[in-house]
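**Q** Encoded as structure tokens, here's the structure I'll be asking about.
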Amino acid sequence: MNVSHPSVHPVEVTPLPPADDRVIVPPRVRMKVIQGMPGTIGGLSLRFCQFAYAIVSLVVMATTSDFPSVTAFCYLVAAVGLQSVWSLSLAILDVHALLVGRNLQNYRVVSLFSIGDGVTSTLTFAAACASAGITVLIGNDLGLCAENHCKQFETATAMAFLSWFTALPSFLLNFWSLSSR
């Protein structure tokens, strides 16, 4: 056993300075809980906005009769459907945490939130970009807005972008909280 004992290696004891001259080192403090993180009112409001924008995008796109004919629009419906389910489930978890007074700053919980937010926000952004491209193609390049539902497509795409804009702060705050540990 390679343990150093004072009898083998004597250690000199230095006298402590007087109590008035001591430097007090404050204890290490954990990161503050910032509004927008899981379990806060800001986080709940972000989740609710994500859910509301995703549901509006889903309903508007699903009410058009010809969205299944375009793959990008089907992808948008799938992506905002996943975004709405994810946001609703985390909003319910935030409501529970707020009512019970729980802190959701556990490493596993934050990593799950961060991965889920990253995946759903990336899918929503990609679907919104693809749908925006198809909407521009139909409206501006082909000039087929008279026989298609361009306003509904544009509204659904805009709502998907708004859902992504509200999902991005959630992802960034969770990822920042995860990386600062």
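Here, A, B, ... name the chains of the structure tokens in the order displayed, residue numbers run from 1 inside each chain, and ligands are numbered from 1 in the same displayed order.
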Just list the residues in range 59-147 of chain A DSSP gives helix (DSSP H, G or I) on the backbone, as JSON, numbers by chain.

**A** {"A": [59, 60, 61, 62, 67, 68, 69, 71, 72, 73, 74, 75, 76, 77, 78, 79, 80, 81, 82, 83, 84, 85, 86, 87, 88, 89, 90, 91, 92, 93, 94, 95, 96, 97, 98, 99, 100, 107, 108, 109, 110, 111, 112, 113, 114, 115, 116, 117, 118, 119, 120, 121, 122, 123, 124, 125, 126, 127, 128, 129, 130, 131, 132, 133, 134, 135, 136, 137, 138, 139, 140, 141]}

**Q** In Å, rounded to a single decimal, give me how far CA of Phe171 in chain A is from CA of Gly36 in chain A.

**A**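 CA of Gly36 in chain A sits 9.7 Å away from CA of Phe171 in chain A.
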
**Q** Find the residues near Ala156 in chain A: any atom within 10 Å, counting only C-alpha atoms, skip ones fewer than 6 places away on the same chain, and give them as a ChimeraX atom specification.

**A** /A:53-62,73,76-77,80,128,131-132,150,162

**Q** For range 40-52 of chain A, find every residue with an atom within 8 Å (counting only C-alpha atoms), except residues of its own chain fewer than 4 positions away, and show them as a list in words.

**A**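 Result of the neighbour search: Ile34, Gln35, Gly36, Val56, Gln83, Ser84, Val85, Ser87, Leu88, Leu90, Ala91, Asp94, Val95, Leu98, Leu162, Ser163, Trp164, Thr166, Ala167 and Ser170 of chain A.
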